[in-house]
Each structure stands twice: as C-alpha cells, then as structure tokens.
>>> print(open('my_file.pdb').read())   # PDB, C-alpha atoms
ATOM      1  CA  MET A  25      72.706-104.373-149.238
ATOM      2  CA  ILE A  26      76.443-103.705-149.120
ATOM      3  CA  ILE A  27      78.246-104.696-145.916
ATOM      4  CA  CYS A  28      81.092-102.360-144.936
ATOM      5  CA  SER A  29      84.341-104.287-144.519
ATOM      6  CA  ASN A  30      85.499-101.701-141.968
ATOM      7  CA  CYS A  31      82.601-101.560-139.472
ATOM      8  CA  LYS A  32      80.206-104.279-140.789
ATOM      9  CA  HIS A  33      77.329-101.757-141.197
ATOM     10  CA  ALA A  34      74.663-102.765-143.757
ATOM     11  CA  ASN A  35      74.430 -99.984-146.369
ATOM     12  CA  MET A  36      71.903 -99.444-149.160
ATOM     13  CA  THR A  37      72.716-101.003-152.522
ATOM     14  CA  GLY A  38      74.621 -98.528-154.692
ATOM     15  CA  ALA A  39      76.197 -96.617-151.787
ATOM     16  CA  MET A  40      79.786 -95.551-152.456
ATOM     17  CA  PHE A  41      80.711 -94.846-148.832
ATOM     18  CA  CYS A  42      79.578 -96.394-145.563
ATOM     19  CA  ALA A  43      76.866 -94.355-143.854
ATOM     20  CA  GLU A  44      78.267 -95.357-140.452
ATOM     21  CA  CYS A  45      82.048 -94.898-140.741
ATOM     22  CA  GLY A  46      82.559 -93.255-144.166
ATOM     23  CA  ALA A  47      84.792 -96.028-145.551
ATOM     24  CA  GLN A  48      84.789 -96.613-149.302
ATOM     25  CA  LEU A  49      82.455 -99.427-150.359
ATOM     26  CA  ILE A  50      82.765 -99.441-154.144
ATOM     27  CA  GLY A  51      85.979-100.464-155.862
ATOM     28  CA  ARG A  52      87.825-101.828-152.839
ATOM     29  CA  ASP A  53      87.898-105.371-154.205
ATOM     30  CA  THR A  54      88.924-104.366-157.736
ATOM     31  CA  LEU A  55      92.572-103.798-156.912
ATOM     32  CA  ILE A  56      94.661-106.797-157.874
ATOM     33  CA  THR A  57      98.343-107.134-157.075
ATOM     34  CA  GLN A  58     100.358-108.191-160.083
ATOM     35  CA  THR A  59     103.696-109.983-160.069
ATOM     36  CA  ILE A  60     106.494-108.137-161.860
ATOM     37  CA  ALA A  61     109.304-110.189-163.304
ATOM     38  CA  SER A  62     112.679-108.865-162.157
ATOM     39  CA  ASP A  63     114.093-108.943-165.714
ATOM     40  CA  ASN A  64     111.575-106.242-166.757
ATOM     41  CA  LEU A  65     112.254-103.781-163.934
ATOM     42  CA  GLY A  66     114.434-101.473-166.020
ATOM     43  CA  LYS A  67     111.972-101.282-168.897
ATOM     44  CA  VAL A  68     108.873 -99.046-168.894
ATOM     45  CA  SER A  69     106.529 -99.550-171.794
ATOM     46  CA  LYS A  70     104.548 -96.741-173.382
ATOM     47  CA  ARG A  71     101.357 -98.572-172.335
ATOM     48  CA  ALA A  72     102.416 -98.645-168.653
ATOM     49  CA  THR A  73     103.287 -94.928-168.734
ATOM     50  CA  ASN A  74      99.870 -94.028-170.177
ATOM     51  CA  GLU A  75      98.075 -96.103-167.548
ATOM     52  CA  LEU A  76      99.652 -94.043-164.776
ATOM     53  CA  THR A  77      98.090 -90.856-166.143
ATOM     54  CA  GLN A  78      94.509 -92.167-166.098
ATOM     55  CA  PRO A  79      92.123 -92.292-163.143
ATOM     56  CA  VAL A  80      92.334 -95.698-161.519
ATOM     57  CA  GLU A  81      88.789 -96.430-160.325
ATOM     58  CA  GLY A  82      85.133 -95.644-160.868
ATOM     59  CA  SER A  83      83.856 -96.183-164.410
ATOM     60  CA  ASP A  84      81.433 -93.231-164.084
ATOM     61  CA  ALA A  85      83.710 -91.054-161.938
ATOM     62  CA  TRP A  86      84.674 -87.621-163.249
ATOM     63  CA  ALA A  87      87.626 -87.546-160.856
ATOM     64  CA  ASN A  88      89.317 -89.703-158.234
ATOM     65  CA  LEU A  89      90.940 -88.564-155.004
ATOM     66  CA  HIS A  90      94.053 -90.634-154.293
ATOM     67  CA  LEU A  91      94.929 -90.399-150.584
ATOM     68  CA  LEU A  92      98.716 -90.510-150.757
ATOM     69  CA  ASP A  93      99.343 -91.617-147.165
ATOM     70  CA  THR A  94      96.980 -94.620-147.268
ATOM     71  CA  GLY A  95      96.771 -95.427-150.977
ATOM     72  CA  GLN A  96      92.964 -95.262-150.799
ATOM     73  CA  VAL A  97      91.153 -93.995-153.916
ATOM     74  CA  LEU A  98      87.832 -92.163-153.555
ATOM     75  CA  PRO A  99      85.903 -91.851-156.854
ATOM     76  CA  LEU A 100      83.771 -88.737-157.405
ATOM     77  CA  SER A 101      80.601 -89.432-159.362
ATOM     78  CA  SER A 102      76.819 -88.994-159.306
ATOM     79  CA  ARG A 103      77.062 -85.311-158.313
ATOM     80  CA  ASP A 104      78.996 -82.263-159.483
ATOM     81  CA  GLU A 105      79.976 -80.880-156.054
ATOM     82  CA  PHE A 106      81.325 -82.401-152.838
ATOM     83  CA  THR A 107      82.335 -80.873-149.505
ATOM     84  CA  MET A 108      85.362 -82.497-147.871
ATOM     85  CA  GLY A 109      86.113 -82.738-144.160
ATOM     86  CA  ARG A 110      85.591 -84.976-141.159
ATOM     87  CA  ILE A 111      82.705 -85.784-138.896
ATOM     88  CA  SER A 112      82.924 -84.956-135.217
ATOM     89  CA  GLU A 113      80.954 -86.641-132.436
ATOM     90  CA  GLY A 114      77.955 -84.543-131.427
ATOM     91  CA  GLN A 115      78.366 -82.001-134.240
ATOM     92  CA  PRO A 116      75.691 -81.476-136.897
ATOM     93  CA  ILE A 117      78.262 -80.729-139.617
ATOM     94  CA  MET A 118      78.353 -83.537-142.185
ATOM     95  CA  PRO A 119      80.753 -83.254-145.147
ATOM     96  CA  ASP A 120      79.888 -85.138-148.333
ATOM     97  CA  ILE A 121      83.299 -86.834-148.227
ATOM     98  CA  ASP A 122      84.133 -87.869-144.668
ATOM     99  CA  LEU A 123      87.892 -88.273-144.296
ATOM    100  CA  SER A 124      87.655 -89.388-140.637
ATOM    101  CA  PRO A 125      88.472 -93.046-141.408
ATOM    102  CA  TYR A 126      91.815 -91.896-142.854
ATOM    103  CA  GLN A 127      93.159 -90.149-139.704
ATOM    104  CA  ALA A 128      91.781 -86.764-140.776
ATOM    105  CA  TYR A 129      91.702 -85.414-137.221
ATOM    106  CA  ALA A 130      95.404 -86.159-136.654
ATOM    107  CA  ALA A 131      96.241 -84.608-140.044
ATOM    108  CA  GLY A 132      94.482 -81.347-139.143
ATOM    109  CA  VAL A 133      91.469 -81.640-141.447
ATOM    110  CA  SER A 134      88.614 -79.319-140.447
ATOM    111  CA  ARG A 135      84.998 -80.495-140.180
ATOM    112  CA  LEU A 136      84.177 -78.572-143.371
ATOM    113  CA  HIS A 137      87.592 -78.083-144.923
ATOM    114  CA  ALA A 138      87.163 -77.670-148.685
ATOM    115  CA  VAL A 139      84.879 -78.141-151.664
ATOM    116  CA  ILE A 140      85.614 -79.777-155.012
ATOM    117  CA  LYS A 141      83.258 -79.373-157.947
ATOM    118  CA  ARG A 142      82.926 -79.957-161.645
ATOM    119  CA  SER A 143      82.068 -76.890-163.696
ATOM    120  CA  GLY A 144      81.817 -77.782-167.375
ATOM    121  CA  SER A 145      85.161 -79.310-168.315
ATOM    122  CA  SER A 146      86.964 -77.705-165.352
ATOM    123  CA  ILE A 147      87.485 -79.002-161.825
ATOM    124  CA  ILE A 148      87.249 -76.250-159.211
ATOM    125  CA  PHE A 149      88.625 -76.499-155.672
ATOM    126  CA  MET A 150      88.191 -74.078-152.755
ATOM    127  CA  ASP A 151      89.298 -73.923-149.112
ATOM    128  CA  LEU A 152      86.313 -73.171-146.846
ATOM    129  CA  GLY A 153      88.239 -71.180-144.227
ATOM    130  CA  SER A 154      89.858 -74.237-142.636
ATOM    131  CA  ALA A 155      91.853 -73.931-139.422
ATOM    132  CA  ASN A 156      95.041 -75.579-140.731
ATOM    133  CA  GLY A 157      94.893 -74.382-144.312
ATOM    134  CA  THR A 158      94.790 -75.973-147.718
ATOM    135  CA  PHE A 159      97.687 -76.239-150.143
ATOM    136  CA  LEU A 160      97.791 -76.808-153.893
ATOM    137  CA  ASN A 161     101.104 -78.280-155.083
ATOM    138  CA  GLY A 162     102.795 -76.848-151.975
ATOM    139  CA  SER A 163     101.351 -73.319-152.200
ATOM    140  CA  ARG A 164      98.867 -72.192-149.547
ATOM    141  CA  LEU A 165      95.433 -71.288-150.884
ATOM    142  CA  ALA A 166      93.551 -68.216-149.757
ATOM    143  CA  PRO A 167      90.223 -69.148-148.123
ATOM    144  CA  ASN A 168      87.062 -68.919-150.247
ATOM    145  CA  MET A 169      89.011 -68.381-153.494
ATOM    146  CA  GLU A 170      88.304 -70.864-156.292
ATOM    147  CA  GLN A 171      91.270 -72.614-157.922
ATOM    148  CA  THR A 172      91.237 -74.730-161.089
ATOM    149  CA  LEU A 173      92.734 -78.191-160.640
ATOM    150  CA  ASN A 174      94.696 -80.159-163.213
ATOM    151  CA  HIS A 175      95.191 -83.901-163.500
ATOM    152  CA  GLY A 176      97.879 -84.999-161.040
ATOM    153  CA  ASP A 177      97.721 -81.929-158.774
ATOM    154  CA  ILE A 178      98.459 -82.545-155.093
ATOM    155  CA  ILE A 179      96.107 -80.895-152.619
ATOM    156  CA  SER A 180      96.825 -80.918-148.896
ATOM    157  CA  LEU A 181      94.083 -80.534-146.326
ATOM    158  CA  GLY A 182      96.219 -79.697-143.315
ATOM    159  CA  LYS A 183      98.808 -82.489-143.515
ATOM    160  CA  MET A 184      96.600 -84.920-145.493
ATOM    161  CA  ARG A 185      97.941 -85.134-149.037
ATOM    162  CA  ILE A 186      95.577 -86.057-151.889
ATOM    163  CA  GLN A 187      96.398 -86.427-155.565
ATOM    164  CA  VAL A 188      93.580 -85.439-157.921
ATOM    165  CA  LEU A 189      93.108 -87.759-160.903
ATOM    166  CA  ILE A 190      90.778 -86.210-163.481
ATOM    167  CA  ASP A 191      88.964 -88.217-166.139
ATOM    168  CA  LYS A 192      88.970 -86.029-169.263
ATOM    169  CA  SER A 193      86.460 -88.278-171.050
ATOM    170  CA  ASN A 194      83.543 -87.254-168.780
TER     171      ASN A 194
END
>>> encode(input="my_file.pdb", output="structure tokens")
Amino acid sequence: MIICSNCKHANMTGAMFCAECGAQLIGRDTLITQTIASDNLGKVSKRATNELTQPVEGSDAWANLHLLDTGQVLPLSSRDEFTMGRISEGQPIMPDIDLSPYQAYAAGVSRLHAVIKRSGSSIIFMDLGSANGTFLNGSRLAPNMEQTLNHGDIISLGKMRIQVLIDKSN
C-alpha cells in the first residue's frame, strides 16, 4: 500500500496518483535540493545544460508534464493515451489525469479538457472542446484538432501552464 501524503488515503501498490485526491504518489520523494556554491553561479557546464533538456522523473515515462505554477511533475507511463481535466463533486466524468489538486478549477480547467497521447514516436495533443480554451506556446488551439508536441512546449489549459518534457528514448 502507498499512503498519500496529501490526504492520507491508502492506495494500491504501484499507483501513480491517489485514487482519492489525485495527488502524485510516485517520485515525490526523489527530488533532492542541492547546495550551489556562489563562486560557480556564473558558470554553466555542458553537463548541466544537457540535464535541463531531459525529462526529470519516471524511469519508464514516455513524457512528463511539468506544472509550471506549482513545480509538480506528472510522469506519463503505462498507457499511450490520457485525458486531462478535473473532477467535480457529483459528476460522473473522470479524467485520467485529475488536475483538481493543483487549483484546476480556479485556473479554468474543464472536467474533460484535453487529451495527450503517444502515437509511434510522436506525441499528439488535442483540446476536447473546453470552455476556456487550450493554448500551445501561446497560440489558441482549435477544438478537436490534433497537434504534435515537441519537447519543451508549453500547453495552457485555461490559465494552467504545463511544460511537456518528452523522453526520446522510449
């Protein structure tokens, strides 16, 4: 069993997200803060630059969603397609990736806002007719039109900004 640090719900072993509140369960404790010496602040090594271009979590993830406002990273693995949105009390709609714990309602995220999927070596993204729209690198997407994503692209579900980190090795 995995105990959610957010709501204390007991989840099945291997779960990536809490079944009760949707919080990320895997990878939360792997982030370690490192001390940076002040004499090295002006120098950026080639190694450090390359690390910034790689996905940061999930050894079997084909992509990671980096929530820019909270710093949370949601790895995408085990399946090739995920719906994104928020749960709503008393509604039967359940997105695969529940963004409710990250103030999705206040940001204007619809219950079923978008879909992200892996198709061969491409990552496809599509707005599902959301109320507040979806943006790719600042440009509004037409509903129900597939768009190819690239590593580092910024998608916005309403006002919620997410950077897509794609693992090219999977």
>>> closest_residue(input="my_file.pdb", among="A:Gly46, A:Pro99, A:Gly38, A:Gly109", to="Ile190 (chain A)", atoms="only C-alpha atoms")
A:Pro99
>>> resolve_selection(input="my_file.pdb", expression="the PyMOL selection byres ((chain A and resi 146-162) around 9)", output="VMD selection string")
chain A and resid 87 132 to 145 163 to 174 177 to 183 185 190
>>> residues_around(input="my_file.pdb", residues="Gln96 (chain A)", least_positions_apart="3", cutoff="10 Å", atoms="all atoms listed in the file", output="compact mmCIF listing (two decimals) with C-alpha atoms, in the frame of the given file")
# COMPACT_ATOMS: atom_id res chain seq x y z
CA ALA A 47 84.79 -96.03 -145.55
CA GLN A 48 84.79 -96.61 -149.30
CA ARG A 52 87.82 -101.83 -152.84
CA ASN A 88 89.32 -89.70 -158.23
CA LEU A 89 90.94 -88.56 -155.00
CA HIS A 90 94.05 -90.63 -154.29
CA LEU A 91 94.93 -90.40 -150.58
CA LEU A 92 98.72 -90.51 -150.76
CA ASP A 93 99.34 -91.62 -147.16
CA PRO A 99 85.90 -91.85 -156.85
CA TYR A 126 91.82 -91.90 -142.85
CA ILE A 186 95.58 -86.06 -151.89
>>> residues_around(input="my_file.pdb", residues="Asp84 (chain A)", least_positions_apart="4", cutoff="9 Å", atoms="all atoms listed in the file", output="list in words")
Pro99, Leu100, Ser101, Ser102 and Asn194 of chain A
>>> atom_distance(input="my_file.pdb", atom1="CA of Pro119 (chain A)", atom2="CA of Lys32 (chain A)")
21.5 Å
>>> atom_distance(input="my_file.pdb", atom1="CA of Leu123 (chain A)", atom2="CA of Ile111 (chain A)")
7.9 Å
>>> residues_near_point(input="my_file.pdb", point="(84.5, -97.7, -149.9)", cutoff="9 Å", atoms="all atoms listed in the file", output="ChimeraX atom specification")
/A:28-30,39-42,46-52,96-98
>>> atom_distance(input="my_file.pdb", atom1="CA of Ile121 (chain A)", atom2="CA of Gly95 (chain A)")
16.2 Å
